[in-house]
Amino acid sequence: MMDVIILLPSEILLKSKASKVHAEATNGHFTLLKKHIDFVSPLITGILILIGENKDTYVAVDGGVLVKKGTDVWISTPRAMVDHDLDRLEQHIEDQWATIRQAQEKAKTAMAKLESDAIRRFVEWGKD
């Protein structure tokens, strides 16, 4: 079994044991086994699958880096969600994306207002 640790900027999200780790790098999918060679790989946004003895664990990651050394696997990512039910994880992701999209739209609106106010003030300043 491999010791898998998922690291976020502010916390350790998960410590788990896995016999296999399925992930996706910038150059494609791969599977790690206990005796796999040590390496480092950038990850793309997607879902990691940790195959455990009794149950699988699904981890949605927003990119990141995977490091394997011996039987230790460290995954560092800015954002992640964990669940044992893939359908429920996908629903959580969709809900989060909707929230993020709404926040981005609000930020775009605020930026557009700031830009138009700045242009208006430059025009008024040029008249004086």
# chains A, B, ... in the order shown; residues from 1 in each chain; ligands from 1
$ residues_around --residues "Leu7 of chain A" --least-positions-apart "4" --cutoff "9 Å" --atoms "only C-alpha atoms" --output "ChimeraX atom specification"
/A:11-14,74-78,80
$ write_last_selection --atoms "N, CA and C atoms" --output "PDB file, in the first residue's frame"
ATOM      1  N   GLU A  11      -4.041  23.500   4.528  1.00  0.00           N
ATOM      2  CA  GLU A  11      -4.281  22.319   5.357  1.00  0.00           C
ATOM      3  C   GLU A  11      -3.899  21.032   4.641  1.00  0.00           C
ATOM      4  N   ILE A  12      -3.843  19.955   5.425  1.00  0.00           N
ATOM      5  CA  ILE A  12      -3.738  18.618   4.861  1.00  0.00           C
ATOM      6  C   ILE A  12      -5.170  18.131   4.694  1.00  0.00           C
ATOM      7  N   LEU A  13      -5.594  17.934   3.464  1.00  0.00           N
ATOM      8  CA  LEU A  13      -6.975  17.561   3.186  1.00  0.00           C
ATOM      9  C   LEU A  13      -7.227  16.081   3.464  1.00  0.00           C
ATOM     10  N   LEU A  14      -6.250  15.234   3.129  1.00  0.00           N
ATOM     11  CA  LEU A  14      -6.493  13.800   3.216  1.00  0.00           C
ATOM     12  C   LEU A  14      -5.184  13.057   3.444  1.00  0.00           C
ATOM     13  N   TRP A  74       2.647  12.416  -2.519  1.00  0.00           N
ATOM     14  CA  TRP A  74       2.169  13.722  -2.085  1.00  0.00           C
ATOM     15  C   TRP A  74       1.542  14.415  -3.282  1.00  0.00           C
ATOM     16  N   ILE A  75       0.375  14.974  -3.058  1.00  0.00           N
ATOM     17  CA  ILE A  75      -0.313  15.732  -4.101  1.00  0.00           C
ATOM     18  C   ILE A  75      -0.597  17.112  -3.528  1.00  0.00           C
ATOM     19  N   SER A  76      -0.042  18.113  -4.167  1.00  0.00           N
ATOM     20  CA  SER A  76      -0.253  19.495  -3.744  1.00  0.00           C
ATOM     21  C   SER A  76      -1.116  20.179  -4.797  1.00  0.00           C
ATOM     22  N   THR A  77      -2.205  20.807  -4.338  1.00  0.00           N
ATOM     23  CA  THR A  77      -3.152  21.437  -5.250  1.00  0.00           C
ATOM     24  C   THR A  77      -3.775  22.649  -4.568  1.00  0.00           C
ATOM     25  N   PRO A  78      -4.147  23.675  -5.327  1.00  0.00           N
ATOM     26  CA  PRO A  78      -4.756  24.847  -4.689  1.00  0.00           C
ATOM     27  C   PRO A  78      -6.164  24.584  -4.150  1.00  0.00           C
ATOM     28  N   ALA A  80      -9.299  21.283  -3.751  1.00  0.00           N
ATOM     29  CA  ALA A  80      -9.661  19.874  -3.941  1.00  0.00           C
ATOM     30  C   ALA A  80     -10.900  19.542  -3.134  1.00  0.00           C
TER      31      ALA A  80
END
$ select_by_dssp --residues "chain A" --states "strand (DSSP E or B)" --output "NGL selection string"
:A and (2-7 or 12-18 or 20-25 or 28-33 or 39-43 or 46-51 or 56-61 or 64-69 or 72-76 or 80-83)
$ select_by_dssp --residues "segment 3-101 of chain A" --states "helix (DSSP H, G or I)" --output "CSV table (one decimal) with all heavy atoms, in the first residue's frame"
chain,number,residue,atom,x,y,z
A,86,LEU,N,-18.7,9.0,-6.6
A,86,LEU,CA,-18.3,9.8,-7.7
A,86,LEU,C,-19.5,10.7,-8.2
A,86,LEU,O,-19.3,11.9,-8.5
A,86,LEU,CB,-17.9,8.9,-8.9
A,86,LEU,CG,-17.4,9.6,-10.1
A,86,LEU,CD1,-16.2,10.6,-9.8
A,86,LEU,CD2,-17.0,8.6,-11.2
A,87,ASP,N,-20.7,10.2,-8.2
A,87,ASP,CA,-21.8,11.1,-8.6
A,87,ASP,C,-22.0,12.3,-7.6
A,87,ASP,O,-22.3,13.4,-8.1
A,87,ASP,CB,-23.1,10.3,-8.6
A,87,ASP,CG,-23.1,9.2,-9.7
A,87,ASP,OD1,-22.5,9.5,-10.7
A,87,ASP,OD2,-23.8,8.2,-9.6
A,88,ARG,N,-21.9,12.0,-6.3
A,88,ARG,CA,-22.0,13.1,-5.4
A,88,ARG,C,-20.9,14.1,-5.5
A,88,ARG,O,-21.1,15.3,-5.4
A,88,ARG,CB,-22.1,12.5,-4.0
A,88,ARG,CG,-22.5,13.5,-2.9
A,88,ARG,CD,-22.7,12.9,-1.6
A,88,ARG,NE,-21.6,12.1,-1.1
A,88,ARG,CZ,-21.7,10.9,-0.5
A,88,ARG,NH1,-22.9,10.5,-0.1
A,88,ARG,NH2,-20.7,10.2,-0.1
A,89,LEU,N,-19.7,13.6,-5.8
A,89,LEU,CA,-18.6,14.5,-6.0
A,89,LEU,C,-18.8,15.4,-7.2
A,89,LEU,O,-18.6,16.6,-7.2
A,89,LEU,CB,-17.3,13.7,-6.2
A,89,LEU,CG,-16.0,14.6,-6.4
A,89,LEU,CD1,-15.7,15.5,-5.2
A,89,LEU,CD2,-14.8,13.6,-6.7
A,90,GLU,N,-19.3,14.8,-8.3
A,90,GLU,CA,-19.6,15.6,-9.5
A,90,GLU,C,-20.6,16.7,-9.2
A,90,GLU,O,-20.5,17.8,-9.7
A,90,GLU,CB,-20.0,14.7,-10.6
A,90,GLU,CG,-18.9,13.9,-11.2
A,90,GLU,CD,-19.3,12.9,-12.3
A,90,GLU,OE1,-20.5,12.6,-12.4
A,90,GLU,OE2,-18.4,12.3,-12.9
A,91,GLN,N,-21.6,16.4,-8.4
A,91,GLN,CA,-22.6,17.4,-8.1
A,91,GLN,C,-22.1,18.5,-7.3
A,91,GLN,O,-22.3,19.7,-7.5
A,91,GLN,CB,-23.8,16.7,-7.3
A,91,GLN,CG,-24.9,17.7,-7.1
A,91,GLN,CD,-25.5,18.2,-8.3
A,91,GLN,OE1,-25.8,17.5,-9.3
A,91,GLN,NE2,-25.7,19.5,-8.4
A,92,HIS,N,-21.2,18.2,-6.3
A,92,HIS,CA,-20.5,19.2,-5.5
A,92,HIS,C,-19.7,20.1,-6.4
A,92,HIS,O,-19.7,21.3,-6.2
A,92,HIS,CB,-19.6,18.6,-4.5
A,92,HIS,CG,-20.3,18.0,-3.3
A,92,HIS,ND1,-21.2,18.6,-2.5
A,92,HIS,CD2,-20.2,16.7,-2.8
A,92,HIS,CE1,-21.6,17.8,-1.6
A,92,HIS,NE2,-21.1,16.6,-1.7
A,93,ILE,N,-19.0,19.5,-7.4
A,93,ILE,CA,-18.2,20.3,-8.3
A,93,ILE,C,-19.0,21.3,-9.1
A,93,ILE,O,-18.7,22.4,-9.3
A,93,ILE,CB,-17.3,19.4,-9.3
A,93,ILE,CG1,-16.3,18.6,-8.5
A,93,ILE,CG2,-16.7,20.2,-10.4
A,93,ILE,CD1,-15.7,17.5,-9.2
A,94,GLU,N,-20.1,20.8,-9.7
A,94,GLU,CA,-21.1,21.6,-10.4
A,94,GLU,C,-21.6,22.8,-9.6
A,94,GLU,O,-21.7,23.9,-10.1
A,94,GLU,CB,-22.2,20.8,-11.0
A,94,GLU,CG,-21.8,19.9,-12.1
A,94,GLU,CD,-22.9,19.0,-12.6
A,94,GLU,OE1,-24.1,19.4,-12.4
A,94,GLU,OE2,-22.7,18.0,-13.3
A,95,ASP,N,-21.9,22.5,-8.3
A,95,ASP,CA,-22.4,23.5,-7.4
A,95,ASP,C,-21.3,24.6,-7.2
A,95,ASP,O,-21.6,25.8,-7.2
A,95,ASP,CB,-22.9,22.9,-6.1
A,95,ASP,CG,-24.1,22.1,-6.3
A,95,ASP,OD1,-24.8,22.1,-7.3
A,95,ASP,OD2,-24.4,21.3,-5.3
A,96,GLN,N,-20.1,24.1,-7.0
A,96,GLN,CA,-19.0,25.0,-6.7
A,96,GLN,C,-18.7,25.9,-7.9
A,96,GLN,O,-18.5,27.1,-7.8
A,96,GLN,CB,-17.7,24.3,-6.3
A,96,GLN,CG,-17.8,23.7,-4.9
A,96,GLN,CD,-17.6,24.8,-3.9
A,96,GLN,OE1,-17.5,26.0,-4.2
A,96,GLN,NE2,-17.6,24.4,-2.6
A,97,TRP,N,-18.7,25.3,-9.1
A,97,TRP,CA,-18.5,26.0,-10.4
A,97,TRP,C,-19.5,27.1,-10.6
A,97,TRP,O,-19.2,28.2,-11.0
A,97,TRP,CB,-18.4,25.1,-11.6
A,97,TRP,CG,-17.1,24.4,-11.7
A,97,TRP,CD1,-16.0,24.5,-10.9
A,97,TRP,CD2,-16.8,23.4,-12.6
A,97,TRP,NE1,-15.0,23.7,-11.3
A,97,TRP,CE2,-15.4,23.0,-12.4
A,97,TRP,CE3,-17.5,22.8,-13.7
A,97,TRP,CZ2,-14.8,22.0,-13.1
A,97,TRP,CZ3,-16.8,21.9,-14.4
A,97,TRP,CH2,-15.5,21.5,-14.2
A,98,ALA,N,-20.8,26.8,-10.3
A,98,ALA,CA,-21.9,27.8,-10.4
A,98,ALA,C,-21.6,29.0,-9.5
A,98,ALA,O,-21.7,30.1,-9.9
A,98,ALA,CB,-23.2,27.2,-10.1
A,99,THR,N,-21.2,28.7,-8.3
A,99,THR,CA,-20.9,29.7,-7.3
A,99,THR,C,-19.7,30.6,-7.8
A,99,THR,O,-19.7,31.8,-7.7
A,99,THR,CB,-20.5,29.1,-5.9
A,99,THR,OG1,-21.7,28.4,-5.5
A,99,THR,CG2,-20.2,30.2,-4.9
A,100,ILE,N,-18.6,29.9,-8.3
A,100,ILE,CA,-17.5,30.6,-8.8
A,100,ILE,C,-17.8,31.5,-10.0
A,100,ILE,O,-17.4,32.6,-10.1
A,100,ILE,CB,-16.3,29.6,-9.2
A,100,ILE,CG1,-15.8,29.0,-7.9
A,100,ILE,CG2,-15.2,30.3,-10.0
A,100,ILE,CD1,-14.9,27.8,-8.1
A,101,ARG,N,-18.6,30.9,-10.9
A,101,ARG,CA,-19.1,31.7,-12.1
A,101,ARG,C,-19.8,33.0,-11.7
A,101,ARG,O,-19.6,34.1,-12.2
A,101,ARG,CB,-19.9,30.9,-13.0
A,101,ARG,CG,-19.1,30.0,-13.9
A,101,ARG,CD,-20.0,29.4,-15.0
A,101,ARG,NE,-21.1,28.6,-14.6
A,101,ARG,CZ,-21.0,27.2,-14.4
A,101,ARG,NH1,-19.8,26.6,-14.6
A,101,ARG,NH2,-22.0,26.5,-13.9
$ closest_residue --among "A:Met2, A:Leu66, A:Val59, A:Leu8" --to "Leu43 of chain A" --atoms "only C-alpha atoms"
A:Leu66
$ residues_around --residues "Phe39 of chain A" --least-positions-apart "2" --cutoff "7 Å" --atoms "only C-alpha atoms" --output "list of chain:residue names"
A:Ile37, A:Ser41, A:Val67, A:Lys68, A:Lys69
$ closest_residue --among "A:Ala60, A:Ile49, A:Ile119, A:Ala107" --to "Ser19 of chain A" --atoms "only C-alpha atoms"
A:Ile49
$ closest_residue --among "A:Ala110, A:Ala25, A:Met1, A:Val123" --to "Val65 of chain A" --atoms "only C-alpha atoms"
A:Ala25
$ residues_around --residues "His29 of chain A" --least-positions-apart "3" --cutoff "12 Å" --atoms "only C-alpha atoms" --output "PyMOL selection string"
chain A and resi 21-26+32+41-49
$ write_last_selection --atoms "N, CA and C atoms" --output "PDB file, in the first residue's frame"
ATOM      1  N   VAL A  21      -3.041   4.562  -7.619  1.00  0.00           N
ATOM      2  CA  VAL A  21      -3.469   5.956  -7.765  1.00  0.00           C
ATOM      3  C   VAL A  21      -3.587   6.229  -9.257  1.00  0.00           C
ATOM      4  N   HIS A  22      -4.808   6.576  -9.697  1.00  0.00           N
ATOM      5  CA  HIS A  22      -5.033   6.968 -11.090  1.00  0.00           C
ATOM      6  C   HIS A  22      -5.089   8.493 -11.124  1.00  0.00           C
ATOM      7  N   ALA A  23      -4.332   9.091 -12.047  1.00  0.00           N
ATOM      8  CA  ALA A  23      -4.304  10.550 -12.153  1.00  0.00           C
ATOM      9  C   ALA A  23      -4.123  10.936 -13.616  1.00  0.00           C
ATOM     10  N   GLU A  24      -4.225  12.248 -13.875  1.00  0.00           N
ATOM     11  CA  GLU A  24      -4.000  12.744 -15.232  1.00  0.00           C
ATOM     12  C   GLU A  24      -3.024  13.901 -15.195  1.00  0.00           C
ATOM     13  N   ALA A  25      -1.956  13.743 -15.965  1.00  0.00           N
ATOM     14  CA  ALA A  25      -0.930  14.772 -16.092  1.00  0.00           C
ATOM     15  C   ALA A  25      -1.153  15.536 -17.387  1.00  0.00           C
ATOM     16  N   THR A  26      -0.306  16.494 -17.636  1.00  0.00           N
ATOM     17  CA  THR A  26      -0.418  17.284 -18.854  1.00  0.00           C
ATOM     18  C   THR A  26      -0.185  16.441 -20.107  1.00  0.00           C
ATOM     19  N   LEU A  32      -0.283   4.800 -10.750  1.00  0.00           N
ATOM     20  CA  LEU A  32       0.866   4.505  -9.893  1.00  0.00           C
ATOM     21  C   LEU A  32       0.608   3.240  -9.098  1.00  0.00           C
ATOM     22  N   SER A  41       5.182  14.874 -11.262  1.00  0.00           N
ATOM     23  CA  SER A  41       4.359  15.140 -12.438  1.00  0.00           C
ATOM     24  C   SER A  41       3.396  16.287 -12.166  1.00  0.00           C
ATOM     25  N   PRO A  42       3.267  17.215 -13.125  1.00  0.00           N
ATOM     26  CA  PRO A  42       2.217  18.227 -12.996  1.00  0.00           C
ATOM     27  C   PRO A  42       0.868  17.566 -13.266  1.00  0.00           C
ATOM     28  N   LEU A  43      -0.156  17.987 -12.547  1.00  0.00           N
ATOM     29  CA  LEU A  43      -1.498  17.449 -12.746  1.00  0.00           C
ATOM     30  C   LEU A  43      -2.383  18.496 -13.399  1.00  0.00           C
ATOM     31  N   ILE A  44      -3.345  18.019 -14.184  1.00  0.00           N
ATOM     32  CA  ILE A  44      -4.333  18.937 -14.734  1.00  0.00           C
ATOM     33  C   ILE A  44      -5.593  18.843 -13.879  1.00  0.00           C
ATOM     34  N   THR A  45      -6.500  19.766 -14.050  1.00  0.00           N
ATOM     35  CA  THR A  45      -7.761  19.741 -13.328  1.00  0.00           C
ATOM     36  C   THR A  45      -8.519  18.480 -13.716  1.00  0.00           C
ATOM     37  N   GLY A  46      -8.918  17.732 -12.717  1.00  0.00           N
ATOM     38  CA  GLY A  46      -9.616  16.484 -12.980  1.00  0.00           C
ATOM     39  C   GLY A  46      -9.857  15.713 -11.701  1.00  0.00           C
ATOM     40  N   ILE A  47     -10.120  14.418 -11.855  1.00  0.00           N
ATOM     41  CA  ILE A  47     -10.429  13.575 -10.707  1.00  0.00           C
ATOM     42  C   ILE A  47      -9.376  12.485 -10.568  1.00  0.00           C
ATOM     43  N   LEU A  48      -8.791  12.420  -9.376  1.00  0.00           N
ATOM     44  CA  LEU A  48      -7.871  11.343  -9.024  1.00  0.00           C
ATOM     45  C   LEU A  48      -8.693  10.213  -8.436  1.00  0.00           C
ATOM     46  N   ILE A  49      -8.245   8.982  -8.668  1.00  0.00           N
ATOM     47  CA  ILE A  49      -8.914   7.834  -8.064  1.00  0.00           C
ATOM     48  C   ILE A  49      -7.885   7.103  -7.212  1.00  0.00           C
TER      49      ILE A  49
END
$ closest_residue --among "A:Glu115, A:Glu105, A:Glu124, A:Asp83" --to "Thr57 of chain A" --atoms "only C-alpha atoms"
A:Asp83
$ decode --residues "segment 17-51 of chain A" --atoms "N, CA, C and O atoms" --output "PDB file, in the first residue's frame"
ATOM      1  N   LYS A  17      -4.437   5.445   2.496  1.00  0.00           N
ATOM      2  CA  LYS A  17      -3.623   4.375   1.927  1.00  0.00           C
ATOM      3  C   LYS A  17      -4.290   3.933   0.630  1.00  0.00           C
ATOM      4  O   LYS A  17      -5.520   3.887   0.545  1.00  0.00           O
ATOM      5  N   ALA A  18      -3.476   3.623  -0.358  1.00  0.00           N
ATOM      6  CA  ALA A  18      -4.017   3.183  -1.647  1.00  0.00           C
ATOM      7  C   ALA A  18      -3.089   2.163  -2.278  1.00  0.00           C
ATOM      8  O   ALA A  18      -1.864   2.261  -2.155  1.00  0.00           O
ATOM      9  N   SER A  19      -3.677   1.194  -2.954  1.00  0.00           N
ATOM     10  CA  SER A  19      -2.865   0.230  -3.696  1.00  0.00           C
ATOM     11  C   SER A  19      -2.559   0.742  -5.097  1.00  0.00           C
ATOM     12  O   SER A  19      -1.555   0.361  -5.696  1.00  0.00           O
ATOM     13  N   LYS A  20      -3.426   1.632  -5.606  1.00  0.00           N
ATOM     14  CA  LYS A  20      -3.225   2.258  -6.912  1.00  0.00           C
ATOM     15  C   LYS A  20      -3.695   3.705  -6.835  1.00  0.00           C
ATOM     16  O   LYS A  20      -4.633   4.018  -6.106  1.00  0.00           O
ATOM     17  N   VAL A  21      -3.041   4.562  -7.619  1.00  0.00           N
ATOM     18  CA  VAL A  21      -3.469   5.956  -7.765  1.00  0.00           C
ATOM     19  C   VAL A  21      -3.587   6.229  -9.257  1.00  0.00           C
ATOM     20  O   VAL A  21      -2.608   6.108  -9.990  1.00  0.00           O
ATOM     21  N   HIS A  22      -4.808   6.576  -9.697  1.00  0.00           N
ATOM     22  CA  HIS A  22      -5.033   6.968 -11.090  1.00  0.00           C
ATOM     23  C   HIS A  22      -5.089   8.493 -11.124  1.00  0.00           C
ATOM     24  O   HIS A  22      -5.801   9.107 -10.346  1.00  0.00           O
ATOM     25  N   ALA A  23      -4.332   9.091 -12.047  1.00  0.00           N
ATOM     26  CA  ALA A  23      -4.304  10.550 -12.153  1.00  0.00           C
ATOM     27  C   ALA A  23      -4.123  10.936 -13.616  1.00  0.00           C
ATOM     28  O   ALA A  23      -3.880  10.088 -14.473  1.00  0.00           O
ATOM     29  N   GLU A  24      -4.225  12.248 -13.875  1.00  0.00           N
ATOM     30  CA  GLU A  24      -4.000  12.744 -15.232  1.00  0.00           C
ATOM     31  C   GLU A  24      -3.024  13.901 -15.195  1.00  0.00           C
ATOM     32  O   GLU A  24      -3.238  14.889 -14.492  1.00  0.00           O
ATOM     33  N   ALA A  25      -1.956  13.743 -15.965  1.00  0.00           N
ATOM     34  CA  ALA A  25      -0.930  14.772 -16.092  1.00  0.00           C
ATOM     35  C   ALA A  25      -1.153  15.536 -17.387  1.00  0.00           C
ATOM     36  O   ALA A  25      -2.071  15.236 -18.155  1.00  0.00           O
ATOM     37  N   THR A  26      -0.306  16.494 -17.636  1.00  0.00           N
ATOM     38  CA  THR A  26      -0.418  17.284 -18.854  1.00  0.00           C
ATOM     39  C   THR A  26      -0.185  16.441 -20.107  1.00  0.00           C
ATOM     40  O   THR A  26      -0.616  16.818 -21.188  1.00  0.00           O
ATOM     41  N   ASN A  27       0.477  15.289 -19.959  1.00  0.00           N
ATOM     42  CA  ASN A  27       0.740  14.439 -21.124  1.00  0.00           C
ATOM     43  C   ASN A  27      -0.101  13.159 -21.126  1.00  0.00           C
ATOM     44  O   ASN A  27       0.186  12.238 -21.862  1.00  0.00           O
ATOM     45  N   GLY A  28      -1.144  13.094 -20.282  1.00  0.00           N
ATOM     46  CA  GLY A  28      -2.060  11.959 -20.316  1.00  0.00           C
ATOM     47  C   GLY A  28      -2.271  11.295 -18.966  1.00  0.00           C
ATOM     48  O   GLY A  28      -1.690  11.677 -17.962  1.00  0.00           O
ATOM     49  N   HIS A  29      -3.117  10.259 -18.979  1.00  0.00           N
ATOM     50  CA  HIS A  29      -3.457   9.514 -17.771  1.00  0.00           C
ATOM     51  C   HIS A  29      -2.326   8.578 -17.375  1.00  0.00           C
ATOM     52  O   HIS A  29      -1.588   8.090 -18.233  1.00  0.00           O
ATOM     53  N   PHE A  30      -2.227   8.290 -16.073  1.00  0.00           N
ATOM     54  CA  PHE A  30      -1.264   7.307 -15.604  1.00  0.00           C
ATOM     55  C   PHE A  30      -1.772   6.666 -14.326  1.00  0.00           C
ATOM     56  O   PHE A  30      -2.669   7.186 -13.666  1.00  0.00           O
ATOM     57  N   THR A  31      -1.211   5.504 -14.007  1.00  0.00           N
ATOM     58  CA  THR A  31      -1.546   4.788 -12.781  1.00  0.00           C
ATOM     59  C   THR A  31      -0.259   4.492 -12.030  1.00  0.00           C
ATOM     60  O   THR A  31       0.704   4.002 -12.605  1.00  0.00           O
ATOM     61  N   LEU A  32      -0.283   4.800 -10.750  1.00  0.00           N
ATOM     62  CA  LEU A  32       0.866   4.505  -9.893  1.00  0.00           C
ATOM     63  C   LEU A  32       0.608   3.240  -9.098  1.00  0.00           C
ATOM     64  O   LEU A  32      -0.482   3.044  -8.574  1.00  0.00           O
ATOM     65  N   LEU A  33       1.618   2.405  -9.010  1.00  0.00           N
ATOM     66  CA  LEU A  33       1.606   1.244  -8.142  1.00  0.00           C
ATOM     67  C   LEU A  33       2.716   1.406  -7.111  1.00  0.00           C
ATOM     68  O   LEU A  33       3.611   2.254  -7.273  1.00  0.00           O
ATOM     69  N   LYS A  34       2.686   0.582  -6.077  1.00  0.00           N
ATOM     70  CA  LYS A  34       3.630   0.705  -4.968  1.00  0.00           C
ATOM     71  C   LYS A  34       5.092   0.710  -5.439  1.00  0.00           C
ATOM     72  O   LYS A  34       5.896   1.502  -4.965  1.00  0.00           O
ATOM     73  N   LYS A  35       5.434  -0.138  -6.398  1.00  0.00           N
ATOM     74  CA  LYS A  35       6.835  -0.251  -6.826  1.00  0.00           C
ATOM     75  C   LYS A  35       7.154   0.582  -8.063  1.00  0.00           C
ATOM     76  O   LYS A  35       8.202   0.414  -8.671  1.00  0.00           O
ATOM     77  N   HIS A  36       6.258   1.501  -8.401  1.00  0.00           N
ATOM     78  CA  HIS A  36       6.492   2.383  -9.533  1.00  0.00           C
ATOM     79  C   HIS A  36       7.717   3.247  -9.253  1.00  0.00           C
ATOM     80  O   HIS A  36       7.994   3.587  -8.106  1.00  0.00           O
ATOM     81  N   ILE A  37       8.419   3.621 -10.280  1.00  0.00           N
ATOM     82  CA  ILE A  37       9.592   4.470 -10.139  1.00  0.00           C
ATOM     83  C   ILE A  37       9.206   5.817  -9.511  1.00  0.00           C
ATOM     84  O   ILE A  37       8.105   6.305  -9.713  1.00  0.00           O
ATOM     85  N   ASP A  38      10.111   6.394  -8.748  1.00  0.00           N
ATOM     86  CA  ASP A  38       9.869   7.713  -8.156  1.00  0.00           C
ATOM     87  C   ASP A  38       9.844   8.759  -9.259  1.00  0.00           C
ATOM     88  O   ASP A  38      10.637   8.693 -10.202  1.00  0.00           O
ATOM     89  N   PHE A  39       8.933   9.715  -9.132  1.00  0.00           N
ATOM     90  CA  PHE A  39       8.880  10.797 -10.112  1.00  0.00           C
ATOM     91  C   PHE A  39       8.009  11.940  -9.632  1.00  0.00           C
ATOM     92  O   PHE A  39       7.326  11.843  -8.622  1.00  0.00           O
ATOM     93  N   VAL A  40       8.048  13.022 -10.397  1.00  0.00           N
ATOM     94  CA  VAL A  40       7.240  14.214 -10.153  1.00  0.00           C
ATOM     95  C   VAL A  40       6.455  14.488 -11.423  1.00  0.00           C
ATOM     96  O   VAL A  40       6.987  14.363 -12.525  1.00  0.00           O
ATOM     97  N   SER A  41       5.182  14.874 -11.262  1.00  0.00           N
ATOM     98  CA  SER A  41       4.359  15.140 -12.438  1.00  0.00           C
ATOM     99  C   SER A  41       3.396  16.287 -12.166  1.00  0.00           C
ATOM    100  O   SER A  41       2.757  16.327 -11.114  1.00  0.00           O
ATOM    101  N   PRO A  42       3.267  17.215 -13.125  1.00  0.00           N
ATOM    102  CA  PRO A  42       2.217  18.227 -12.996  1.00  0.00           C
ATOM    103  C   PRO A  42       0.868  17.566 -13.266  1.00  0.00           C
ATOM    104  O   PRO A  42       0.769  16.671 -14.103  1.00  0.00           O
ATOM    105  N   LEU A  43      -0.156  17.987 -12.547  1.00  0.00           N
ATOM    106  CA  LEU A  43      -1.498  17.449 -12.746  1.00  0.00           C
ATOM    107  C   LEU A  43      -2.383  18.496 -13.399  1.00  0.00           C
ATOM    108  O   LEU A  43      -2.200  19.689 -13.189  1.00  0.00           O
ATOM    109  N   ILE A  44      -3.345  18.019 -14.184  1.00  0.00           N
ATOM    110  CA  ILE A  44      -4.333  18.937 -14.734  1.00  0.00           C
ATOM    111  C   ILE A  44      -5.593  18.843 -13.879  1.00  0.00           C
ATOM    112  O   ILE A  44      -5.746  17.926 -13.069  1.00  0.00           O
ATOM    113  N   THR A  45      -6.500  19.766 -14.050  1.00  0.00           N
ATOM    114  CA  THR A  45      -7.761  19.741 -13.328  1.00  0.00           C
ATOM    115  C   THR A  45      -8.519  18.480 -13.716  1.00  0.00           C
ATOM    116  O   THR A  45      -8.686  18.180 -14.895  1.00  0.00           O
ATOM    117  N   GLY A  46      -8.918  17.732 -12.717  1.00  0.00           N
ATOM    118  CA  GLY A  46      -9.616  16.484 -12.980  1.00  0.00           C
ATOM    119  C   GLY A  46      -9.857  15.713 -11.701  1.00  0.00           C
ATOM    120  O   GLY A  46      -9.791  16.263 -10.603  1.00  0.00           O
ATOM    121  N   ILE A  47     -10.120  14.418 -11.855  1.00  0.00           N
ATOM    122  CA  ILE A  47     -10.429  13.575 -10.707  1.00  0.00           C
ATOM    123  C   ILE A  47      -9.376  12.485 -10.568  1.00  0.00           C
ATOM    124  O   ILE A  47      -9.107  11.742 -11.512  1.00  0.00           O
ATOM    125  N   LEU A  48      -8.791  12.420  -9.376  1.00  0.00           N
ATOM    126  CA  LEU A  48      -7.871  11.343  -9.024  1.00  0.00           C
ATOM    127  C   LEU A  48      -8.693  10.213  -8.436  1.00  0.00           C
ATOM    128  O   LEU A  48      -9.689  10.452  -7.754  1.00  0.00           O
ATOM    129  N   ILE A  49      -8.245   8.982  -8.668  1.00  0.00           N
ATOM    130  CA  ILE A  49      -8.914   7.834  -8.064  1.00  0.00           C
ATOM    131  C   ILE A  49      -7.885   7.103  -7.212  1.00  0.00           C
ATOM    132  O   ILE A  49      -6.836   6.685  -7.711  1.00  0.00           O
ATOM    133  N   LEU A  50      -8.195   6.985  -5.929  1.00  0.00           N
ATOM    134  CA  LEU A  50      -7.345   6.250  -5.000  1.00  0.00           C
ATOM    135  C   LEU A  50      -8.018   4.906  -4.750  1.00  0.00           C
ATOM    136  O   LEU A  50      -9.114   4.848  -4.187  1.00  0.00           O
ATOM    137  N   ILE A  51      -7.381   3.821  -5.185  1.00  0.00           N
ATOM    138  CA  ILE A  51      -7.934   2.481  -5.016  1.00  0.00           C
ATOM    139  C   ILE A  51      -7.466   1.957  -3.665  1.00  0.00           C
ATOM    140  O   ILE A  51      -6.273   1.730  -3.462  1.00  0.00           O
TER     141      ILE A  51
END
